[in-house]
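Next comes target-v3.cif, a file with mmCIF, C-alpha atoms.
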data_input
#
loop_
_atom_site.label_atom_id
_atom_site.label_comp_id
_atom_site.auth_asym_id
_atom_site.auth_seq_id
_atom_site.Cartn_x
_atom_site.Cartn_y
_atom_site.Cartn_z
CA MET A 662 -13.19 -10.66 36.54
CA SER A 663 -13.26 -12.83 33.41
CA ASN A 664 -15.86 -10.51 31.89
CA ASP A 665 -13.58 -7.52 32.59
CA ASN A 666 -10.67 -9.29 30.86
CA ASN A 667 -12.85 -10.14 27.87
CA GLN A 668 -14.01 -6.52 27.68
CA THR A 669 -10.39 -5.28 27.77
CA SER A 670 -9.41 -7.76 25.04
CA ALA A 671 -12.35 -6.70 22.89
CA ASP A 672 -11.53 -3.00 23.36
CA GLN A 673 -7.90 -3.56 22.41
CA ALA A 674 -8.91 -5.69 19.42
CA GLN A 675 -11.30 -2.95 18.29
CA GLN A 676 -8.54 -0.33 18.58
CA THR A 677 -6.25 -2.55 16.51
CA LEU A 678 -8.96 -3.05 13.88
CA ASN A 679 -9.45 0.73 13.73
CA SER A 680 -5.75 1.28 13.14
CA ILE A 681 -5.81 -1.38 10.38
CA GLN A 682 -8.75 0.40 8.77
CA GLY A 683 -6.83 3.70 8.97
CA MET A 684 -3.84 2.23 7.15
CA LYS A 685 -6.07 0.66 4.47
CA GLU A 686 -7.70 4.04 3.88
CA ALA A 687 -4.25 5.65 3.61
CA ALA A 688 -3.26 3.05 0.99
CA HIS A 689 -6.42 3.71 -1.03
CA ARG A 690 -5.92 7.49 -0.78
CA ARG A 691 -2.44 7.08 -2.25
CA ALA A 692 -3.71 4.82 -5.04
CA ALA A 693 -6.53 7.23 -5.98
CA PRO A 694 -5.61 9.51 -8.88
CA PRO A 695 -5.81 13.14 -7.60
CA HIS A 696 -8.20 15.59 -9.27
CA LEU A 697 -5.27 17.77 -10.35
CA PHE A 698 -3.82 14.80 -12.25
CA GLY A 699 -7.27 14.15 -13.79
CA ALA A 700 -7.55 17.80 -14.81
CA ALA A 701 -4.08 17.77 -16.40
CA ILE A 702 -4.76 14.54 -18.34
CA ALA A 703 -8.22 15.80 -19.37
CA ALA A 704 -6.79 19.10 -20.65
CA LEU A 705 -4.07 17.30 -22.58
CA ALA A 706 -6.53 14.75 -24.03
CA GLY A 707 -8.82 17.63 -25.04
CA SER A 708 -5.91 19.44 -26.68
CA LEU A 709 -5.12 16.23 -28.58
CA VAL A 710 -8.62 16.34 -30.12
CA THR A 711 -8.34 20.10 -30.77
CA PHE A 712 -5.02 19.69 -32.59
CA ALA A 713 -6.38 16.72 -34.57
CA VAL A 714 -9.33 18.83 -35.75
CA THR A 715 -7.12 21.84 -36.54
CA ASP A 716 -4.70 19.43 -38.27
CA ASN A 717 -1.63 20.40 -36.26
CA ARG A 718 0.58 17.29 -36.20
CA GLU A 719 3.51 18.78 -34.23
CA LEU A 720 1.31 19.90 -31.35
CA GLN A 721 -0.50 16.53 -31.37
CA ILE A 722 2.84 14.77 -30.81
CA LEU A 723 3.67 17.28 -28.07
CA SER A 724 0.33 16.48 -26.36
CA ILE A 725 1.08 12.73 -26.47
CA VAL A 726 4.56 13.30 -25.00
CA MET A 727 3.09 15.51 -22.27
CA ILE A 728 0.41 12.89 -21.40
CA THR A 729 3.17 10.26 -21.03
CA LEU A 730 5.26 12.58 -18.85
CA VAL A 731 2.31 13.44 -16.58
CA ILE A 732 1.44 9.73 -16.10
CA VAL A 733 5.08 8.78 -15.33
CA SER A 734 5.40 11.67 -12.87
CA GLN A 735 2.14 10.66 -11.15
CA VAL A 736 3.26 7.02 -10.66
CA SER A 737 6.57 8.27 -9.28
CA LYS A 738 4.75 10.65 -6.88
CA THR A 739 2.20 8.22 -5.40
CA LYS A 740 4.90 5.60 -4.67
CA VAL A 741 2.33 2.79 -4.72
CA ASN A 742 0.83 0.44 -7.29
CA ALA A 743 -2.81 -0.45 -6.81
CA ALA A 744 -3.63 -4.16 -6.75
CA GLN A 745 -6.83 -3.68 -8.72
CA SER A 746 -8.23 -0.80 -10.71
CA PRO A 747 -11.99 -0.32 -11.03
CA THR A 748 -12.55 -2.99 -13.70
CA ARG A 749 -15.70 -1.58 -15.29
CA LEU A 750 -14.16 1.91 -15.51
CA PHE A 751 -10.97 0.46 -16.98
CA ILE A 752 -12.95 -1.44 -19.64
CA PHE A 753 -15.01 1.69 -20.35
CA GLY A 754 -11.80 3.68 -20.68
CA LEU A 755 -10.28 1.16 -23.04
CA VAL A 756 -13.36 0.34 -25.13
CA ALA A 757 -15.08 3.71 -25.17
CA LEU A 758 -12.38 6.41 -25.01
CA LEU A 759 -10.49 5.46 -28.16
CA PRO A 760 -13.59 5.33 -30.40
CA LEU A 761 -14.85 8.48 -28.64
CA TYR A 762 -11.61 10.23 -29.54
CA PHE A 763 -12.21 9.48 -33.23
CA ILE A 764 -15.90 10.40 -32.95
CA MET A 765 -14.92 13.76 -31.41
CA VAL A 766 -12.40 14.38 -34.19
CA VAL A 767 -15.07 13.59 -36.82
CA LEU A 768 -17.60 15.74 -34.94
CA GLY A 769 -15.09 18.59 -34.81
CA GLN A 770 -14.35 18.29 -38.51
CA SER A 771 -18.07 18.35 -39.32
CA LEU A 772 -18.40 21.60 -37.33
CA VAL A 773 -15.55 23.35 -39.18
CA GLN A 774 -17.92 24.67 -41.89
CA SER A 775 -20.27 26.27 -39.38
CA ILE A 776 -18.03 27.59 -36.58
CA GLY A 777 -14.55 27.59 -38.10
CA LYS A 778 -11.53 25.33 -37.56
CA LEU A 779 -10.49 26.71 -34.17
CA GLY A 780 -14.03 26.87 -32.77
CA ALA A 781 -14.78 23.31 -33.91
CA GLY A 782 -11.49 22.03 -32.50
CA LEU A 783 -12.05 23.72 -29.15
CA THR A 784 -15.66 22.46 -28.91
CA ALA A 785 -14.76 18.84 -29.65
CA GLY A 786 -11.70 19.12 -27.39
CA ALA A 787 -13.74 20.51 -24.51
CA ILE A 788 -16.32 17.68 -24.77
CA PHE A 789 -13.58 15.04 -24.81
CA ALA A 790 -11.73 16.70 -21.92
CA SER A 791 -14.96 16.69 -19.86
CA LEU A 792 -15.42 12.96 -20.48
CA VAL A 793 -11.83 12.16 -19.48
CA PHE A 794 -12.13 14.28 -16.33
CA ALA A 795 -15.43 12.57 -15.41
CA LEU A 796 -13.76 9.17 -15.79
CA ASN A 797 -10.88 10.24 -13.53
CA TYR A 798 -13.34 11.66 -11.00
CA LEU A 799 -15.24 8.35 -10.86
CA GLU A 800 -11.99 6.40 -10.48
CA ASN A 801 -10.92 8.65 -7.60
CA LYS A 802 -14.32 8.15 -5.91
CA TRP A 803 -14.06 4.37 -6.41
CA TYR A 804 -10.72 4.20 -4.56
CA ILE A 805 -11.86 6.47 -1.72
CA ASN A 806 -15.11 4.50 -1.21
CA LYS A 807 -13.20 1.23 -1.34
CA GLY A 808 -10.92 2.55 1.40
CA LYS A 809 -13.86 3.64 3.57
CA LYS A 810 -15.52 0.23 3.19
CA GLY A 811 -12.24 -1.41 4.22
CA GLY A 812 -12.12 -3.25 0.90
CA ASN A 813 -9.21 -5.53 0.39
CA SER A 814 -8.64 -4.99 -3.26
CA MET B 1176 -5.62 -9.16 24.75
CA SER B 1177 -5.83 -12.94 24.39
CA ALA B 1178 -2.77 -13.79 22.32
CA THR B 1179 -3.45 -17.49 21.83
CA SER B 1180 -4.50 -17.40 18.15
CA LEU B 1181 -2.99 -14.06 17.21
CA ASN B 1182 0.00 -14.24 14.88
CA PRO B 1183 2.98 -12.92 16.91
CA VAL B 1184 4.91 -11.91 13.77
CA ILE B 1185 2.05 -9.74 12.50
CA HIS B 1186 0.66 -8.54 15.82
CA ALA B 1187 3.45 -6.04 16.63
CA PRO B 1188 1.94 -2.58 15.89
CA ASN B 1189 4.42 -1.51 13.21
CA ARG B 1190 4.33 -4.85 11.40
CA LEU B 1191 0.54 -4.92 11.57
CA GLN B 1192 0.44 -1.43 10.03
CA ILE B 1193 2.85 -2.50 7.28
CA CYS B 1194 0.59 -5.48 6.43
CA ALA B 1195 -2.56 -3.32 6.61
CA PHE B 1196 -1.05 -0.71 4.27
CA LEU B 1197 0.18 -3.32 1.79
CA SER B 1198 -2.99 -5.46 1.84
CA PRO B 1199 -5.04 -3.44 -0.71
CA LEU B 1200 -1.99 -2.69 -2.91
CA ALA B 1201 0.06 -4.62 -5.43
CA GLU B 1202 3.21 -3.01 -4.04
CA ALA B 1203 4.40 0.10 -2.22
CA ASP B 1204 7.62 2.04 -2.26
CA PHE B 1205 9.77 1.86 0.91
CA GLN B 1206 9.48 5.67 1.20
CA ALA B 1207 5.67 5.53 1.11
CA LEU B 1208 5.67 3.01 3.96
CA ARG B 1209 8.11 5.16 5.96
CA GLU B 1210 5.93 8.25 5.44
CA GLU B 1211 2.75 6.46 6.52
CA LEU B 1212 4.26 4.72 9.54
CA GLN B 1213 6.38 7.74 10.52
CA VAL B 1214 9.35 5.62 11.55
CA SER B 1215 13.05 5.74 10.66
CA ASP B 1216 14.59 3.78 7.80
CA SER B 1217 16.32 1.40 10.20
CA VAL B 1218 13.16 0.64 12.20
CA LEU B 1219 11.18 0.02 9.01
CA SER B 1220 13.94 -2.16 7.55
CA LYS B 1221 14.02 -4.23 10.74
CA HIS B 1222 10.27 -4.90 10.64
CA ILE B 1223 10.26 -5.63 6.91
CA LYS B 1224 13.13 -8.08 7.43
CA GLN B 1225 11.12 -9.91 10.13
CA LEU B 1226 8.09 -10.12 7.85
CA GLN B 1227 10.30 -11.25 4.98
CA ASP B 1228 11.91 -13.97 7.12
CA ALA B 1229 8.40 -15.24 7.90
CA GLY B 1230 7.64 -15.28 4.16
CA TYR B 1231 4.95 -12.60 4.47
CA VAL B 1232 6.50 -9.87 2.32
CA GLU B 1233 8.93 -9.66 -0.56
CA GLN B 1234 11.09 -6.83 -1.84
CA SER B 1235 12.21 -5.82 -5.31
CA LYS B 1236 14.53 -3.04 -6.35
CA ASN B 1237 14.58 -0.88 -9.47
CA ARG B 1238 15.81 2.50 -10.63
CA VAL B 1239 13.47 5.44 -11.29
CA ASP B 1240 15.00 8.72 -12.53
CA GLY B 1241 18.42 7.39 -11.57
CA LYS B 1242 17.31 6.76 -7.98
CA ARG B 1243 17.33 3.28 -6.52
CA ARG B 1244 13.87 2.41 -5.19
CA THR B 1245 12.75 -0.51 -3.10
CA TRP B 1246 9.24 -1.90 -3.60
CA VAL B 1247 7.60 -4.01 -0.92
CA SER B 1248 4.60 -6.31 -1.42
CA LEU B 1249 2.63 -8.87 0.59
CA THR B 1250 3.09 -12.47 -0.54
CA GLU B 1251 0.11 -14.85 -0.85
CA GLN B 1252 1.18 -16.35 2.47
CA GLY B 1253 1.31 -12.82 3.92
CA HIS B 1254 -2.21 -12.02 2.67
CA ALA B 1255 -3.55 -15.24 4.20
CA ALA B 1256 -1.78 -14.67 7.53
CA PHE B 1257 -2.97 -11.06 7.70
CA GLU B 1258 -6.58 -11.98 6.87
CA SER B 1259 -6.62 -14.71 9.48
CA HIS B 1260 -5.15 -12.27 12.02
CA VAL B 1261 -7.89 -9.75 11.24
CA ASP B 1262 -10.54 -12.49 11.53
CA GLU B 1263 -9.18 -13.39 14.95
CA LEU B 1264 -9.35 -9.73 16.04
CA ARG B 1265 -12.98 -9.56 14.84
CA ARG B 1266 -13.73 -12.74 16.78
CA LEU B 1267 -12.31 -11.12 19.92
CA VAL B 1268 -14.45 -8.04 19.40
CA ASN B 1269 -17.59 -10.13 18.87
CA MET B 1270 -16.87 -12.32 21.89
CA VAL B 1271 -18.16 -9.64 24.25
CA PRO B 1272 -21.92 -9.12 23.91
CA ALA B 1273 -22.92 -5.50 23.38
CA THR B 1274 -24.30 -3.89 26.55
#
This structure in structure tokens:
Amino acid sequence: MSNDNNQTSADQAQQTLNSIQGMKEAAHRRAAPPHLFGAAIAALAGSLVTFAVTDNRELQILSIVMITLVIVSQVSKTKVNAAQSPTRLFIFGLVALLPLYFIMVVLGQSLVQSIGKLGAGLTAGAIFASLVFALNYLENKWYINKGKKGGNS
Amino acid sequence: MSATSLNPVIHAPNRLQICAFLSPLAEADFQALREELQVSDSVLSKHIKQLQDAGYVEQSKNRVDGKRRTWVSLTEQGHAAFESHVDELRRLVNMVPAT
């Protein structure tokens, strides 16, 4: 009889733990940046490089405004703030993306002679956009895996 | 289920789900919680109030796009209580040897 009661308690506890895990996964899914958001930010970041290479200041400012608007709209849509972002990715983003932006602009400018202003701008922009999208993809994966592992942060 | 060491404030299904949803986050919007729990505003408010009275969650309000939004987060005390509740559930599961 006591064994039956213990079994029932354990079954109920397991069900409760499963429902906790489900809610944690839901929280991580909400915190994960969607691929569409990553694609939009990547395209805008790429256009920023393209316009820098083609020396179009007005469109560069428009790209920066658009990036800000997309980020604000994303935060408003997810309705959650993550407790912790993937630290190594965040540091990579901060330390590597800004210098990479300038490297891509310089690379683009060095290509102007051989493939023309527009071609050089588009090439450098496409490379930078790919890097930004890859970073977003990894961040998304990090959140989803964290949710599956039942991570607490 | 043996309720001796289980926290009665957290153990109610809706309150447990609120704590579980908030545990990996810094904060969540009231609407996000309502969508995930699929309960009415009044039911959610009632449970949040009970958790708040126990010192497990706190609320803050701000305006986004002219709309008033309520953000809910677990306090340190809430995190500790939730973790100890989960540990107790794990202990219950491990109490029965696998057959």
Check: the PyMOL selection byres ((chain A and resi 772-788) around 6) on the file shown: which residues, as a list in words?
Finding: Gly707, Ser708, Val710, Thr711, Val714, Thr715, Met765, Gly769, Gln770, Ser771, Phe789, Ala790 and Ser791 of chain A
Checklist line | Proximity to chain B - best of A:Ala700, A:Ala743, A:Ala692, A:Met727, all atoms listed in the file | finding: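 For chain B, the nearest of the given residues is A:Ala743.
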Margin query: Could you tell me, as a list of chain:residue names, exactly which residues end up selected when the PyMOL selection byres ((chain B) within 8 of (chain A)) is applied to this structure?
Written below: B:Met1176, B:Ser1177, B:Leu1191, B:Gln1192, B:Ala1195, B:Phe1196, B:Leu1197, B:Ser1198, B:Pro1199, B:Leu1200, B:Ala1201, B:Glu1202, B:Ala1203, B:Asp1204, B:Gln1206, B:Ala1207, B:Glu1211, B:Val1239, B:Val1261, B:Leu1264, B:Arg1265, B:Leu1267, B:Val1268, B:Asn1269, B:Met1270, B:Val1271
Margin query: For a test of reading the model, state the distance in Å between atom CA of Ser734 of chain A and atom CA of Leu792 of chain A, rounded to one decimal.
Written below: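 Those two atoms sit 22.2 Å apart.
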Notebook entry, point to check: What is the atom CA of Asp1262 of chain B-atom CA of Asn679 of chain A distance in Å, reported with one decimal?
Noted result: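 About the pair atom CA of Asp1262 of chain B and atom CA of Asn679 of chain A: they are 13.4 Å apart.
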Notebook entry, point to check: Please, what distance in Å, to one decimal, runs between atom CA of Val793 of chain A and atom CA of Ala704 of chain A?
Noted result: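 Going from atom CA of Val793 of chain A over to atom CA of Ala704 of chain A covers 8.7 Å.
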Checklist line | All residues 10 Å or closer to Gln1252 of chain B, all atoms listed in the file, same chain fewer than 5 positions away omitted, as a PyMOL selection string | finding: chain B and resi 1229-1232+1257-1258
Item checked: Option closest in space to Ala757 of chain A, from A:His696, A:Ala703, A:Ile805, A:Leu796 [counting all atoms listed in the file] ->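 Of the candidates, the smallest distance to Ala757 of chain A is held by A:Leu796.
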